[in-house]
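Heads up: the structure comes next, in structure tokens.
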Amino acid sequence: KKTYGHLLGKLEKAFAREKPLFALALYYPLAYWRHDQDDISAFDLNRQKQLVGLIRILFLKRFESSIAAFESSCQMLLLKLIAFLRKNIDPAKPVEVRRLEKWMAQNDELLESVRARQRELREEEESEKSEWGDDYLDAFEKLSREDYKVEEIFDETYSDLETVVDFLEELATLDASHDNKLQSLIRLLKRDKVLKEHKVIIFSEFMSTTRYLRKELEAAGIKGVDEIDSDSKRDRAEVIQAFAPYYNDSSSAALAEEGREEIRVLI
């Protein structure tokens with residue numbers, strides 16, 4: 001509660017709904033099948049249902065991990081929801097087109113902040129602006145209006161968009177100073193007699209958390225911080241050597257001679 005403030009209450013409220021957290025109809029279209037349910041493969045139906053359950057669990061795991069990880073998930077879902085709508089809206093139906101355009105216009109400021117934050121989390125330079133959801137368009141198929149209640153799926157998707165926006169607006173009021181887990185870590189690294197003098201490895205399941213930690217630990221004045229994740233392009237052997245030179249055919253003196261900084265805290 002100290003870390004997430006009002007957002008915790010919003011999340012609890014979202015989980016109290018009949019469709020907890022998000023409806024995620026875009027991943028569960030068979031729930032909106034127009035025909036006899038016996039026509040649907042039980043395997044396909046259960047697979048979609050289980051996928052929705054896994055996505056909800058992933059959101060909770062990322063919520064537990066860090067503010068940055070949860071924010072990144074919310075932003076990604078926002079873009080996927082928009083991509084799904086763009087893929088399935090019928091251009092011949094002005095009402096559907098206008099509905100998305102109106103929603104985008106009403107949330108223009110938040111969308112621009114999402115674009116900037118995504119670049120920051122991915123550590124990308126300023127790039128040409130693509131259409132919203134372009135990266136995820138290929139992930140969705142155009143649903144048949146004869147087979148699926150597409151209008152109901154749209155309603156659920158817009159409802160999910162509103163939930164995501166509510167979360168992101170609350171997240172925008174939070175920063176590292178609110179993050180009790182982060183501040184506890186910083187205190188340990190600065191004050192703990194053992195940790196402030198010795199090498200430390202910090203593990204996290206999510207890339208967005210590791211990058212967030214590196215940025216905030218450096219900002220807190222902790223020296224010798226580095227981070228490596230599944231998207232890192234550097235030679236991992238060199239990173240490991242910089243962290244533990246003695247055990248990797250080098251030494252602190254040799255690193256210094258080569259102009260390489262020794263890593264004290266490796267995330």
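Residue numbers start at 1 in each chain; chains themselves are named A, B, ... in the order of the structure tokens; ligands are numbered from 1 in the order shown.
Neighbours of range 166-172 of chain A closer than or equal to 8 Å, with only C-alpha atoms counted and sequence neighbours fewer than 2 positions away skipped, come out as His6, Leu7, Lys10, Ile67, Glu71, Cys74, Gln75, Leu110, Glu162, Thr163, Val164, Leu174 and Asp175 of chain A.
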Using only C-alpha atoms, determine which residues lie at most 9 Å from Leu21 in chain A, disregarding the query and same-chain residues fewer than 6 positions distant; provide the list as an MDAnalysis selection string.
chainID A and resid 11:15 56 160 163
Give me the residues near Ser204 in chain A as a ChimeraX atom specification, where near means some atom within 12 Å (using only C-alpha atoms) and where sequence neighbours in that chain fewer than 5 positions away do not count.
/A:61-62,64-66,69,209-214,227-230,266-267
With only C-alpha atoms as the atoms that count, which of A:Asp226, A:Asp192, A:Glu262, A:Glu257 lies nearest to Ala242 in chain A?
A:Glu262
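Taking CA of Ile186 in chain A and CA of Ala220 in chain A as the two end points, the separation is 7.3 Å.
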Please indicate the distance in Å from CA of Glu218 in chain A to CA of Lys190 in chain A, rounded to one decimal place.
12.1 Å
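Comparing A:Asp90, A:Glu151, A:Glu96, A:Glu109 by their smallest distance to Trp33 in chain A, the closest is A:Glu151 (using only C-alpha atoms).
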Quick one: everything within 6 Å of range 133-136 of chain A, counting only C-alpha atoms, minus sequence neighbours fewer than 3 positions away in the same chain. Send it as an MDAnalysis selection string.
chainID A and resid 79:80 82:83 139
Within 10 Å of Asn248 in chain A using only C-alpha atoms, minus same-chain residues under 5 positions, as a list in words
Ala237, Glu238, Ile240, Gln241, Ala242 and Phe243 of chain A
Spatial neighbours of range 41-53 of chain A, 10 Å, only C-alpha atoms, chain gap at least 5 places, as a PyMOL selection string:
chain A and resi 20+22-31+58
Enumerate the residues of range 20-195 of chain A with a DSSP assignment of alpha helix (DSSP H), computed from the backbone, and present them as number ranges by chain.
A: 42-65, 67-88, 94-106, 108-122, 150-171, 180-191
